[in-house]
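> For reference, the structure I am asking about is given below.
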Amino acid sequence: MGNEFRFASVALVLGACIASPANGQDNTRNNSVVLPPIDVTSSRIGTGIVGTSTTVITADEIAGAPEMTLQEILSREAGIQTVSLFGGVNGTASTVDVRGFGVTSPSNVLVLVDGRRFNDSDLTGFDFSLIPRNSIDRIEITRGNSGGVLYGDGAVGGVINIVTKNGIGQAPNARIEGAFGSLRTGEAKISASGSYKGFSGAAFGNAFQSDGYRDHNLTIQEQGVGDFRYRTNEGSVFFNISGDNLRQQLPGPRNIANGPFVGNFNEYVTDRRGTNTPLDFGNRQNVAVRGGITRNLWNGAELIVDGSVRQKDTQFASFAPLNGFLPLNIPTSYNETELTTMSVTPRVNIDQAFGDVRATMIAGVDVYKTKYESDRAAFQGARPNHLYDMNQTTIGGYALPTFTLYNNTDVAAGARLQYNSFHARDNFDPTAPVGPLGANPQGLPLDTSETDHALHIGVEHRFNPVFAVFARAAHTFRLPNIDERVGMAPVLTVTNFNLRTQQSNDYEGGIRVRWNGFSLQSSAYNMYLTDELHFSPITFANTNLDPTHRYGVENAALYQLTENVLLKGTLSYTRAVFRSGPFAGNDVPEVARWSGSAGVSWNIYQKYLVFDGVLRFVGKRFMDGDEANTGALMVPAHTVVDLRLGGEGERLFWALSVQNVFNQLYFDYGLDTSFPGNQFFSVYPLPGRTVLLRAGAKF
């Protein structure tokens, strides 16, 4: 491991050299190192959990980004990697990985919307395409597992909080825009907001359609968000409703084979845009309602009571692929699933000063109730073989006090205690039609409960306005999600819903530098996990892995070169390895060791003509399923350059974006299902160069 720590040390030094101090004016556009003040009604993080590595992506950054999706924008940040399936159309079926979790990243990165959990209790995690980009005010990233104290299980790699816009303090305004580009992509957006006395409102709508990069890759999506608030001196009330409708064709993988049993072919080379699954599809409908009140109890103390109800309906159909062992287009499965999540999350915020000591605290109770109903049939319209009926209840109490001493030292220590109850039943119908692969036996019933805890202690000391150091230690946990308990199960074996809860211990230290036009954040971390939860796409079984270890170095720097030119760079070294078992010392698949980005923002002529360019680099990775690290075929390293030229006047705005300027042909997810004497790999090609023209008007 000594060589790896030397590599990590090099990364730390390189991060400090990304930019050098120089005089220049500070520019908040693209300034992602230091967290701004945060509305406590939108987030529990406040100005950041003490001791953590944090980043904020502003609305200006999002608007000026040449990338099409939020996942791609997030991939520019330190320590974040992405995986995209089905051509990555509009970001659907694309996941965000913080600190090296590979294929299980959707369940190890906790995503919030306005400070409230939005991860679903299934394997898909959070789909960033749910949130219209024009509705986002900022994105807050808190790395590491300390967020588990405030938000509960699942915050292992980090927490991503999407804060949406509202109409507070705004004059009535509206905005319409349209876009069209490569792959017959079209998009229409409309938004409006405003306020009158204590009332405010905002509404956002979005419609998207694209043929996609692959054959049988059509994606159609409609979204809407409405936000309404009322404020007085004593407190506030808010109500938010959002909806999403997605219809997507699923082109499946391109396969590469070599062996006497599987044959010899390479679809990635001969027909990388083709499909073997011309009938597969996946549809989804989402509705979320949130509301709450804030009440000022006394000066420096407030009570917040809010809650939400979310329902997600999905339909998925699969058919025998072209190069499979069954006749083409025979139905193999059809699933209809309804997932409902209800929550109530009261809490108090305290902010008091005692001489040279400022004390702040957030404390509260979270109650979440999840109900999962999934019908699994041989084909659409058939009577289901399995009707999975599950429900999960979590009740957590937490407190995180923070003390600021002499205005230069912050110390925080907090804890969460969470009770978890889970019940599962498989209502099996042996008389229902059976698909060509047969049907699994009835799953074993499960009634289980447990109590888990999360801890955080962190410190930050500011030696002067230029230089600060921070450190933390934390423990958290991740419950098995419902899909992991159900899984797809090995064919013709009994489903066992019982899995152990994943545990994580995390340690981190770093520095922050801010001098004139220069900013730097650099940190190193160590994370030790036991009972890590993993879904095998080879056996279709869910298991607890042998103990794993994650460690790395993350660097992010900004340099205001001139009043109108801002440079930004990131460099990260990420390791995820097995600590014991048959794969001890091997890399966890689908985690690149090196990743980084470099960007420039140039206000060529005020806001009327602005240029943004971003380079994103990701190193090679072992394929999913290659825990043995044979490396017979690896997910390749790739470098992508994205450019945008745009501008806006008093009423009109426009932008021309080019993604993957140099037409890099690559994929970022691959599955190795090889067996002795035969090599078989499945990969998901991503688009080459694409162009998008956007224009609109403001009122």
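A note on labels: chains of the structure tokens are A, B, ... as shown, every chain counts residues from 1, and ligands are counted from 1 in their shown order.
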Do you know which residues are at most 8 Å from Ser572 of chain A counting only C-alpha atoms, after dropping those on the same chain fewer than 4 positions away, and could you put them as number ranges by chain?
A: 11, 78-79, 552-555, 593-596
> Write out as a ChimeraX atom specification each polymer residue whose atoms come within 6 Å of segment 188-198 of chain A, counting only C-alpha atoms; drop sequence neighbours fewer than 5 positions from it.
/A:167-178,203-207,230-231
> Would you write out those residues with all heavy atoms, as a compact mmCIF listing (two decimals), in the first residue's frame?

```
# COMPACT_ATOMS: atom_id res chain seq x y z
N GLY A 167 -39.96 32.08 -5.30
CA GLY A 167 -40.23 33.45 -5.73
C GLY A 167 -40.06 34.50 -4.65
O GLY A 167 -40.46 35.66 -4.85
N ILE A 168 -39.45 34.15 -3.50
CA ILE A 168 -39.34 35.08 -2.38
C ILE A 168 -38.57 36.34 -2.79
O ILE A 168 -37.46 36.26 -3.33
CB ILE A 168 -38.66 34.41 -1.18
CG1 ILE A 168 -39.54 33.27 -0.64
CG2 ILE A 168 -38.35 35.41 -0.09
CD1 ILE A 168 -38.89 32.46 0.45
N GLY A 169 -39.18 37.48 -2.58
CA GLY A 169 -38.52 38.75 -2.83
C GLY A 169 -38.37 39.12 -4.29
O GLY A 169 -37.66 40.09 -4.61
N GLN A 170 -39.00 38.40 -5.19
CA GLN A 170 -38.84 38.68 -6.62
C GLN A 170 -40.05 39.40 -7.18
O GLN A 170 -41.20 39.12 -6.81
CB GLN A 170 -38.64 37.38 -7.39
CG GLN A 170 -37.38 36.62 -7.02
CD GLN A 170 -37.17 35.42 -7.93
OE1 GLN A 170 -37.62 35.39 -9.07
NE2 GLN A 170 -36.49 34.41 -7.41
N ALA A 171 -39.78 40.32 -8.12
CA ALA A 171 -40.86 40.91 -8.90
C ALA A 171 -41.39 39.86 -9.86
O ALA A 171 -40.65 38.93 -10.24
CB ALA A 171 -40.35 42.13 -9.65
N PRO A 172 -42.63 39.95 -10.28
CA PRO A 172 -43.16 38.96 -11.22
C PRO A 172 -42.29 38.86 -12.47
O PRO A 172 -41.90 39.87 -13.06
CB PRO A 172 -44.56 39.49 -11.55
CG PRO A 172 -44.93 40.30 -10.35
CD PRO A 172 -43.66 40.92 -9.86
N ASN A 173 -41.95 37.64 -12.85
CA ASN A 173 -41.10 37.43 -14.02
C ASN A 173 -41.43 36.08 -14.63
O ASN A 173 -42.01 35.20 -13.98
CB ASN A 173 -39.62 37.50 -13.62
CG ASN A 173 -39.22 36.37 -12.69
OD1 ASN A 173 -38.81 35.29 -13.12
ND2 ASN A 173 -39.34 36.61 -11.37
N ALA A 174 -41.02 35.90 -15.88
CA ALA A 174 -41.25 34.64 -16.59
C ALA A 174 -40.11 34.42 -17.57
O ALA A 174 -39.40 35.35 -17.96
CB ALA A 174 -42.58 34.65 -17.31
N ARG A 175 -39.96 33.17 -17.97
CA ARG A 175 -38.87 32.81 -18.88
C ARG A 175 -39.33 31.63 -19.73
O ARG A 175 -39.90 30.66 -19.21
CB ARG A 175 -37.64 32.44 -18.06
CG ARG A 175 -36.41 32.01 -18.85
CD ARG A 175 -35.33 31.61 -17.86
NE ARG A 175 -34.14 31.10 -18.53
CZ ARG A 175 -32.98 31.73 -18.57
NH1 ARG A 175 -32.85 32.91 -17.99
NH2 ARG A 175 -31.93 31.19 -19.18
N ILE A 176 -39.11 31.71 -21.02
CA ILE A 176 -39.40 30.60 -21.92
C ILE A 176 -38.14 30.32 -22.74
O ILE A 176 -37.38 31.24 -23.06
CB ILE A 176 -40.60 30.87 -22.85
CG1 ILE A 176 -40.35 32.11 -23.72
CG2 ILE A 176 -41.88 31.03 -22.05
CD1 ILE A 176 -41.39 32.30 -24.79
N GLU A 177 -37.93 29.06 -23.05
CA GLU A 177 -36.77 28.73 -23.89
C GLU A 177 -37.02 27.42 -24.61
O GLU A 177 -37.83 26.58 -24.19
CB GLU A 177 -35.50 28.63 -23.06
CG GLU A 177 -35.54 27.60 -21.95
CD GLU A 177 -34.26 27.61 -21.13
OE1 GLU A 177 -33.22 27.11 -21.64
OE2 GLU A 177 -34.29 28.13 -20.00
N GLY A 178 -36.30 27.27 -25.71
CA GLY A 178 -36.38 26.05 -26.49
C GLY A 178 -34.99 25.64 -26.94
O GLY A 178 -34.07 26.46 -27.00
N ALA A 203 -43.08 28.46 -10.57
CA ALA A 203 -43.50 27.27 -11.32
C ALA A 203 -42.51 27.02 -12.45
O ALA A 203 -41.99 27.96 -13.07
CB ALA A 203 -44.91 27.47 -11.89
N PHE A 204 -42.25 25.73 -12.70
CA PHE A 204 -41.28 25.34 -13.72
C PHE A 204 -41.84 24.16 -14.50
O PHE A 204 -42.38 23.22 -13.91
CB PHE A 204 -39.95 24.93 -13.08
CG PHE A 204 -39.38 25.98 -12.16
CD1 PHE A 204 -39.73 26.00 -10.81
CD2 PHE A 204 -38.51 26.94 -12.63
CE1 PHE A 204 -39.23 26.96 -9.96
CE2 PHE A 204 -38.00 27.91 -11.79
CZ PHE A 204 -38.35 27.93 -10.45
N GLY A 205 -41.71 24.21 -15.81
CA GLY A 205 -42.14 23.11 -16.65
C GLY A 205 -41.08 22.79 -17.68
O GLY A 205 -40.34 23.67 -18.15
N ASN A 206 -40.99 21.51 -18.04
CA ASN A 206 -39.96 21.07 -18.97
C ASN A 206 -40.48 19.89 -19.77
O ASN A 206 -41.11 18.98 -19.22
CB ASN A 206 -38.69 20.67 -18.20
CG ASN A 206 -37.54 20.30 -19.11
OD1 ASN A 206 -37.40 20.87 -20.19
ND2 ASN A 206 -36.74 19.34 -18.70
N ALA A 207 -40.22 19.90 -21.08
CA ALA A 207 -40.55 18.77 -21.95
C ALA A 207 -39.32 18.44 -22.79
O ALA A 207 -38.71 19.34 -23.38
CB ALA A 207 -41.73 19.10 -22.85
N TYR A 230 -45.50 31.51 2.12
CA TYR A 230 -46.01 32.70 2.80
C TYR A 230 -45.13 32.96 4.01
O TYR A 230 -44.86 32.05 4.81
CB TYR A 230 -47.46 32.50 3.25
CG TYR A 230 -48.00 33.68 4.03
CD1 TYR A 230 -48.23 34.91 3.41
CD2 TYR A 230 -48.26 33.57 5.39
CE1 TYR A 230 -48.71 35.99 4.13
CE2 TYR A 230 -48.74 34.64 6.12
CZ TYR A 230 -48.96 35.85 5.49
OH TYR A 230 -49.43 36.94 6.20
N ARG A 231 -44.65 34.21 4.14
CA ARG A 231 -43.72 34.56 5.21
C ARG A 231 -44.25 35.72 6.02
O ARG A 231 -44.82 36.67 5.48
CB ARG A 231 -42.35 34.93 4.63
CG ARG A 231 -41.50 33.74 4.24
CD ARG A 231 -40.07 34.19 4.00
NE ARG A 231 -39.18 33.04 3.91
CZ ARG A 231 -37.86 33.13 3.92
NH1 ARG A 231 -37.27 34.33 4.01
NH2 ARG A 231 -37.11 32.06 3.84
```
> Return as a PyMOL selection string the full set of residues in segment 359-488 of chain A whose backbone-based DSSP assignment is strand (DSSP E).
chain A and resi 359-377+386-405+409-428+446-462+467-478
> Write out as a PyMOL selection string which residues come within 10 Å of segment 242-247 of chain A when counting only C-alpha atoms, dropping same-chain ones fewer than 6 positions away.
chain A and resi 92+129-132+203-209+218-227+281-290+310-315
> Store the residues of this selection in a file with N, CA and C atoms, as an mmCIF file, in the first residue's frame.

```
data_model
loop_
_atom_site.group_PDB
_atom_site.id
_atom_site.type_symbol
_atom_site.label_atom_id
_atom_site.label_comp_id
_atom_site.auth_asym_id
_atom_site.auth_seq_id
_atom_site.Cartn_x
_atom_site.Cartn_y
_atom_site.Cartn_z
ATOM 1 N N THR A 92 -31.073 10.056 -17.742
ATOM 2 C CA THR A 92 -31.817 8.916 -17.200
ATOM 3 C C THR A 92 -30.910 7.684 -17.194
ATOM 4 N N SER A 129 -32.535 13.437 -13.510
ATOM 5 C CA SER A 129 -33.370 14.009 -14.560
ATOM 6 C C SER A 129 -34.752 14.404 -14.035
ATOM 7 N N LEU A 130 -35.080 13.992 -12.781
ATOM 8 C CA LEU A 130 -36.363 14.371 -12.180
ATOM 9 C C LEU A 130 -36.479 15.876 -11.960
ATOM 10 N N ILE A 131 -35.362 16.560 -11.746
ATOM 11 C CA ILE A 131 -35.379 17.967 -11.355
ATOM 12 C C ILE A 131 -35.056 18.833 -12.562
ATOM 13 N N PRO A 132 -35.990 19.655 -13.029
ATOM 14 C CA PRO A 132 -35.678 20.549 -14.153
ATOM 15 C C PRO A 132 -34.509 21.464 -13.798
ATOM 16 N N ALA A 203 -43.082 28.456 -10.575
ATOM 17 C CA ALA A 203 -43.505 27.274 -11.323
ATOM 18 C C ALA A 203 -42.505 27.017 -12.446
ATOM 19 N N PHE A 204 -42.247 25.735 -12.703
ATOM 20 C CA PHE A 204 -41.279 25.342 -13.717
ATOM 21 C C PHE A 204 -41.845 24.157 -14.497
ATOM 22 N N GLY A 205 -41.705 24.212 -15.807
ATOM 23 C CA GLY A 205 -42.139 23.112 -16.651
ATOM 24 C C GLY A 205 -41.082 22.785 -17.677
ATOM 25 N N ASN A 206 -40.993 21.506 -18.040
ATOM 26 C CA ASN A 206 -39.959 21.072 -18.968
ATOM 27 C C ASN A 206 -40.483 19.888 -19.768
ATOM 28 N N ALA A 207 -40.217 19.895 -21.084
ATOM 29 C CA ALA A 207 -40.552 18.766 -21.952
ATOM 30 C C ALA A 207 -39.324 18.439 -22.791
ATOM 31 N N PHE A 208 -38.970 17.170 -22.836
ATOM 32 C CA PHE A 208 -37.742 16.737 -23.511
ATOM 33 C C PHE A 208 -38.044 15.529 -24.381
ATOM 34 N N GLN A 209 -37.400 15.477 -25.558
ATOM 35 C CA GLN A 209 -37.508 14.296 -26.416
ATOM 36 C C GLN A 209 -36.233 14.150 -27.224
ATOM 37 N N LEU A 218 -35.248 5.927 -27.959
ATOM 38 C CA LEU A 218 -36.115 7.088 -27.821
ATOM 39 C C LEU A 218 -36.426 7.365 -26.348
ATOM 40 N N THR A 219 -36.302 8.624 -25.956
ATOM 41 C CA THR A 219 -36.627 9.048 -24.600
ATOM 42 C C THR A 219 -37.549 10.256 -24.665
ATOM 43 N N ILE A 220 -38.670 10.193 -23.938
ATOM 44 C CA ILE A 220 -39.623 11.295 -23.853
ATOM 45 C C ILE A 220 -39.886 11.554 -22.376
ATOM 46 N N GLN A 221 -39.752 12.817 -21.958
ATOM 47 C CA GLN A 221 -39.906 13.133 -20.540
ATOM 48 C C GLN A 221 -40.584 14.487 -20.379
ATOM 49 N N GLU A 222 -41.567 14.542 -19.457
ATOM 50 C CA GLU A 222 -42.215 15.799 -19.088
ATOM 51 C C GLU A 222 -42.116 15.975 -17.583
ATOM 52 N N GLN A 223 -41.895 17.227 -17.164
ATOM 53 C CA GLN A 223 -41.714 17.519 -15.745
ATOM 54 C C GLN A 223 -42.423 18.821 -15.396
ATOM 55 N N GLY A 224 -42.827 18.920 -14.145
ATOM 56 C CA GLY A 224 -43.409 20.157 -13.652
ATOM 57 C C GLY A 224 -43.162 20.313 -12.165
ATOM 58 N N VAL A 225 -42.921 21.563 -11.718
ATOM 59 C CA VAL A 225 -42.689 21.870 -10.304
ATOM 60 C C VAL A 225 -43.440 23.140 -9.959
ATOM 61 N N GLY A 226 -44.130 23.127 -8.821
ATOM 62 C CA GLY A 226 -44.773 24.333 -8.309
ATOM 63 C C GLY A 226 -44.398 24.545 -6.855
ATOM 64 N N ASP A 227 -44.031 25.788 -6.499
ATOM 65 C CA ASP A 227 -43.602 26.100 -5.141
ATOM 66 C C ASP A 227 -44.334 27.348 -4.662
ATOM 67 N N PHE A 281 -38.479 -1.881 -22.834
ATOM 68 C CA PHE A 281 -38.796 -0.502 -22.473
ATOM 69 C C PHE A 281 -38.900 -0.377 -20.958
ATOM 70 N N GLY A 282 -38.763 0.874 -20.488
ATOM 71 C CA GLY A 282 -38.955 1.197 -19.080
ATOM 72 C C GLY A 282 -39.654 2.531 -18.945
ATOM 73 N N ASN A 283 -40.778 2.561 -18.264
ATOM 74 C CA ASN A 283 -41.548 3.790 -18.056
ATOM 75 C C ASN A 283 -41.619 4.111 -16.567
ATOM 76 N N ARG A 284 -41.802 5.394 -16.271
ATOM 77 C CA ARG A 284 -41.848 5.819 -14.869
ATOM 78 C C ARG A 284 -42.731 7.043 -14.727
ATOM 79 N N GLN A 285 -43.503 7.077 -13.613
ATOM 80 C CA GLN A 285 -44.311 8.245 -13.267
ATOM 81 C C GLN A 285 -44.032 8.586 -11.801
ATOM 82 N N ASN A 286 -43.722 9.854 -11.549
ATOM 83 C CA ASN A 286 -43.400 10.319 -10.206
ATOM 84 C C ASN A 286 -44.307 11.461 -9.805
ATOM 85 N N VAL A 287 -44.749 11.454 -8.559
ATOM 86 C CA VAL A 287 -45.460 12.592 -7.976
ATOM 87 C C VAL A 287 -44.925 12.789 -6.565
ATOM 88 N N ALA A 288 -44.598 14.036 -6.212
ATOM 89 C CA ALA A 288 -44.096 14.332 -4.868
ATOM 90 C C ALA A 288 -44.787 15.588 -4.346
ATOM 91 N N VAL A 289 -45.253 15.518 -3.114
ATOM 92 C CA VAL A 289 -45.893 16.658 -2.451
ATOM 93 C C VAL A 289 -45.152 16.900 -1.143
ATOM 94 N N ARG A 290 -44.722 18.150 -0.921
ATOM 95 C CA ARG A 290 -44.003 18.506 0.307
ATOM 96 C C ARG A 290 -44.613 19.769 0.889
ATOM 97 N N ARG A 310 -44.347 10.836 -1.480
ATOM 98 C CA ARG A 310 -43.860 10.607 -2.835
ATOM 99 C C ARG A 310 -44.339 9.247 -3.324
ATOM 100 N N GLN A 311 -44.711 9.199 -4.593
ATOM 101 C CA GLN A 311 -45.096 7.923 -5.187
ATOM 102 C C GLN A 311 -44.421 7.777 -6.539
ATOM 103 N N LYS A 312 -43.793 6.626 -6.724
ATOM 104 C CA LYS A 312 -43.150 6.312 -8.000
ATOM 105 C C LYS A 312 -43.732 5.021 -8.548
ATOM 106 N N ASP A 313 -44.234 5.073 -9.779
ATOM 107 C CA ASP A 313 -44.740 3.896 -10.477
ATOM 108 C C ASP A 313 -43.807 3.598 -11.647
ATOM 109 N N THR A 314 -43.402 2.348 -11.782
ATOM 110 C CA THR A 314 -42.528 1.959 -12.884
ATOM 111 C C THR A 314 -43.081 0.729 -13.579
ATOM 112 N N GLN A 315 -42.814 0.660 -14.885
ATOM 113 C CA GLN A 315 -43.164 -0.499 -15.693
ATOM 114 C C GLN A 315 -41.934 -0.865 -16.525
#
```
> Give me, please, the distance in Å between atom CA of Asn255 of chain A and atom CA of Asn335 of chain A, quoted to one decimal.
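Rounded to one decimal, the two atoms are 24.7 Å apart.
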> So that I can check the surroundings of segment 500-513 of chain A, please list as a PyMOL selection string every protein, DNA and RNA residue that reaches within 6 Å of it, counting only C-alpha atoms and ignoring chain neighbours fewer than 4 positions away.
chain A and resi 466-479+519-532
> Quick one: write out the picked residues with C-alpha atoms as a PDB file, in the first residue's frame?

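Result file out-v7.pdb:
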```pdb
ATOM      1  CA  VAL A 466      -6.100  33.011   4.082  1.00  0.00           C
ATOM      2  CA  PHE A 467      -5.449  29.580   5.588  1.00  0.00           C
ATOM      3  CA  ALA A 468      -7.585  27.031   7.472  1.00  0.00           C
ATOM      4  CA  VAL A 469      -7.348  23.358   8.383  1.00  0.00           C
ATOM      5  CA  PHE A 470     -10.183  20.896   9.017  1.00  0.00           C
ATOM      6  CA  ALA A 471     -10.577  17.304  10.173  1.00  0.00           C
ATOM      7  CA  ARG A 472     -13.318  14.891  11.157  1.00  0.00           C
ATOM      8  CA  ALA A 473     -14.152  11.329  12.161  1.00  0.00           C
ATOM      9  CA  ALA A 474     -17.547   9.707  11.649  1.00  0.00           C
ATOM     10  CA  HIS A 475     -19.494   6.465  11.700  1.00  0.00           C
ATOM     11  CA  THR A 476     -22.641   5.697   9.747  1.00  0.00           C
ATOM     12  CA  PHE A 477     -24.660   2.812   8.310  1.00  0.00           C
ATOM     13  CA  ARG A 478     -26.670   1.799   5.256  1.00  0.00           C
ATOM     14  CA  LEU A 479     -29.767  -0.361   5.387  1.00  0.00           C
ATOM     15  CA  SER A 519      -8.999  29.383  -3.723  1.00  0.00           C
ATOM     16  CA  LEU A 520      -7.909  25.855  -2.899  1.00  0.00           C
ATOM     17  CA  GLN A 521      -9.516  22.979  -1.025  1.00  0.00           C
ATOM     18  CA  SER A 522      -7.539  19.771  -0.576  1.00  0.00           C
ATOM     19  CA  SER A 523      -8.321  16.778   1.618  1.00  0.00           C
ATOM     20  CA  ALA A 524      -7.317  13.166   2.227  1.00  0.00           C
ATOM     21  CA  TYR A 525      -9.653  10.487   3.601  1.00  0.00           C
ATOM     22  CA  ASN A 526      -9.774   6.897   4.850  1.00  0.00           C
ATOM     23  CA  MET A 527     -12.972   4.839   4.967  1.00  0.00           C
ATOM     24  CA  TYR A 528     -13.397   1.313   6.346  1.00  0.00           C
ATOM     25  CA  LEU A 529     -16.561  -0.661   5.573  1.00  0.00           C
ATOM     26  CA  THR A 530     -17.972  -3.960   6.749  1.00  0.00           C
ATOM     27  CA  ASP A 531     -20.884  -5.921   5.294  1.00  0.00           C
ATOM     28  CA  GLU A 532     -20.892  -3.722   2.193  1.00  0.00           C
TER      29      GLU A 532
END
```
> For segment 642-659 of chain A, list every protein, DNA or RNA residue within 10 Å, evaluated using only C-alpha atoms, and leave out those in the same chain fewer than 6 positions away; present the list as JSON, numbers by chain.
{"A": [63, 64, 65, 66, 67, 68, 175, 176, 177, 178, 179, 181, 182, 599, 600, 601, 602, 603, 604, 605, 606, 607, 608, 609, 610, 611, 612, 613, 614, 615, 616, 687, 688, 689, 690, 691, 692, 693, 694, 695, 696, 697, 698, 699]}
> Between A:Val683, A:Ala317, A:Leu322, A:Ala584, which has the minimum distance to Gln380 of chain A (counting only C-alpha atoms)?
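So, comparing all the options, the nearest one is A:Ala317.
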> Each residue of segment 130-223 of chain A lying at most 12 Å from segment 342-345 of chain A should get a row with its shortest atom-to-atom pair and the distance in Å to one decimal, counting only C-alpha atoms; could you produce that, ordered by chain and increasing number, as a Markdown table?

```
| residue | atom | partner | partner_atom | distance |
| --- | --- | --- | --- | --- |
| A:Leu150 | CA | A:Thr345 | CA | 11.0 |
| A:Tyr151 | CA | A:Thr345 | CA | 10.1 |
| A:Gly152 | CA | A:Thr345 | CA | 11.7 |
```
> Could you jot down the atom CA of Asn258 of chain A to atom CA of Gly585 of chain A separation for me, Å, one decimal place?
28.3 Å
> Nearest residue to Gly88 of chain A out of A:Gly154, A:Gly381, A:Pro685, A:Gly300, using only C-alpha atoms?
A:Pro685
> Please determine, counting only C-alpha atoms, which residue among A:Asp97, A:Glu563, A:Glu460, A:Asp60 has the shortest atom-to-atom distance to Glu77 of chain A.
A:Asp97
> Could you pull out the residues in segment 49-241 of chain A that DSSP calls helix (DSSP H, G or I) from the backbone, as a ChimeraX atom specification?
/A:59-64,70-74,86-91,102-108,128-130,133-135,145-151,182-184
> If we count only C-alpha atoms, what is near Pro401 of chain A at a cut-off of 8 Å, once residues fewer than 2 positions away on the same chain are taken out, given as a PDB file with all heavy atoms, in the first residue's frame?

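New file result.pdb:
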```
ATOM      1  N   ALA A 359     -22.852  29.282  19.893  1.00  0.00           N
ATOM      2  CA  ALA A 359     -23.343  27.905  19.904  1.00  0.00           C
ATOM      3  C   ALA A 359     -24.521  27.777  18.956  1.00  0.00           C
ATOM      4  O   ALA A 359     -25.487  28.538  19.045  1.00  0.00           O
ATOM      5  CB  ALA A 359     -23.761  27.497  21.315  1.00  0.00           C
ATOM      6  N   THR A 360     -24.433  26.832  18.042  1.00  0.00           N
ATOM      7  CA  THR A 360     -25.546  26.521  17.152  1.00  0.00           C
ATOM      8  C   THR A 360     -25.848  25.038  17.273  1.00  0.00           C
ATOM      9  O   THR A 360     -24.962  24.230  17.578  1.00  0.00           O
ATOM     10  CB  THR A 360     -25.216  26.864  15.692  1.00  0.00           C
ATOM     11  OG1 THR A 360     -24.101  26.063  15.258  1.00  0.00           O
ATOM     12  CG2 THR A 360     -24.880  28.333  15.537  1.00  0.00           C
ATOM     13  N   MET A 361     -27.082  24.693  17.049  1.00  0.00           N
ATOM     14  CA  MET A 361     -27.447  23.280  17.119  1.00  0.00           C
ATOM     15  C   MET A 361     -28.672  23.040  16.259  1.00  0.00           C
ATOM     16  O   MET A 361     -29.567  23.875  16.164  1.00  0.00           O
ATOM     17  CB  MET A 361     -27.758  22.848  18.548  1.00  0.00           C
ATOM     18  CG  MET A 361     -28.041  21.342  18.652  1.00  0.00           C
ATOM     19  SD  MET A 361     -28.446  20.779  20.330  1.00  0.00           S
ATOM     20  CE  MET A 361     -30.062  21.492  20.551  1.00  0.00           C
ATOM     21  N   ILE A 362     -28.662  21.886  15.619  1.00  0.00           N
ATOM     22  CA  ILE A 362     -29.863  21.397  14.962  1.00  0.00           C
ATOM     23  C   ILE A 362     -30.172  20.035  15.566  1.00  0.00           C
ATOM     24  O   ILE A 362     -29.280  19.199  15.752  1.00  0.00           O
ATOM     25  CB  ILE A 362     -29.685  21.317  13.438  1.00  0.00           C
ATOM     26  CG1 ILE A 362     -30.972  20.824  12.779  1.00  0.00           C
ATOM     27  CG2 ILE A 362     -28.513  20.438  13.055  1.00  0.00           C
ATOM     28  CD1 ILE A 362     -30.987  21.013  11.291  1.00  0.00           C
ATOM     29  N   ALA A 399     -28.991  14.983  16.985  1.00  0.00           N
ATOM     30  CA  ALA A 399     -28.599  16.325  17.427  1.00  0.00           C
ATOM     31  C   ALA A 399     -27.169  16.572  16.975  1.00  0.00           C
ATOM     32  O   ALA A 399     -26.320  15.679  17.074  1.00  0.00           O
ATOM     33  CB  ALA A 399     -28.704  16.472  18.944  1.00  0.00           C
ATOM     34  N   PHE A 403     -19.845  24.588  18.128  1.00  0.00           N
ATOM     35  CA  PHE A 403     -19.366  25.708  18.937  1.00  0.00           C
ATOM     36  C   PHE A 403     -18.266  26.442  18.177  1.00  0.00           C
ATOM     37  O   PHE A 403     -17.318  25.815  17.683  1.00  0.00           O
ATOM     38  CB  PHE A 403     -18.834  25.206  20.282  1.00  0.00           C
ATOM     39  CG  PHE A 403     -19.851  24.469  21.096  1.00  0.00           C
ATOM     40  CD1 PHE A 403     -19.951  23.087  21.023  1.00  0.00           C
ATOM     41  CD2 PHE A 403     -20.740  25.158  21.917  1.00  0.00           C
ATOM     42  CE1 PHE A 403     -20.902  22.393  21.751  1.00  0.00           C
ATOM     43  CE2 PHE A 403     -21.694  24.476  22.662  1.00  0.00           C
ATOM     44  CZ  PHE A 403     -21.779  23.100  22.576  1.00  0.00           C
ATOM     45  N   ALA A 412     -17.621  20.570  16.295  1.00  0.00           N
ATOM     46  CA  ALA A 412     -18.958  19.975  16.240  1.00  0.00           C
ATOM     47  C   ALA A 412     -18.885  18.514  16.641  1.00  0.00           C
ATOM     48  O   ALA A 412     -17.930  17.807  16.292  1.00  0.00           O
ATOM     49  CB  ALA A 412     -19.551  20.110  14.845  1.00  0.00           C
ATOM     50  N   ALA A 413     -19.890  18.062  17.363  1.00  0.00           N
ATOM     51  CA  ALA A 413     -19.991  16.648  17.731  1.00  0.00           C
ATOM     52  C   ALA A 413     -21.472  16.302  17.796  1.00  0.00           C
ATOM     53  O   ALA A 413     -22.243  16.970  18.489  1.00  0.00           O
ATOM     54  CB  ALA A 413     -19.315  16.373  19.066  1.00  0.00           C
ATOM     55  N   GLY A 414     -21.878  15.285  17.053  1.00  0.00           N
ATOM     56  CA  GLY A 414     -23.296  14.938  17.014  1.00  0.00           C
ATOM     57  C   GLY A 414     -23.514  13.448  16.887  1.00  0.00           C
ATOM     58  O   GLY A 414     -22.579  12.676  16.634  1.00  0.00           O
TER      59      GLY A 414
END
```
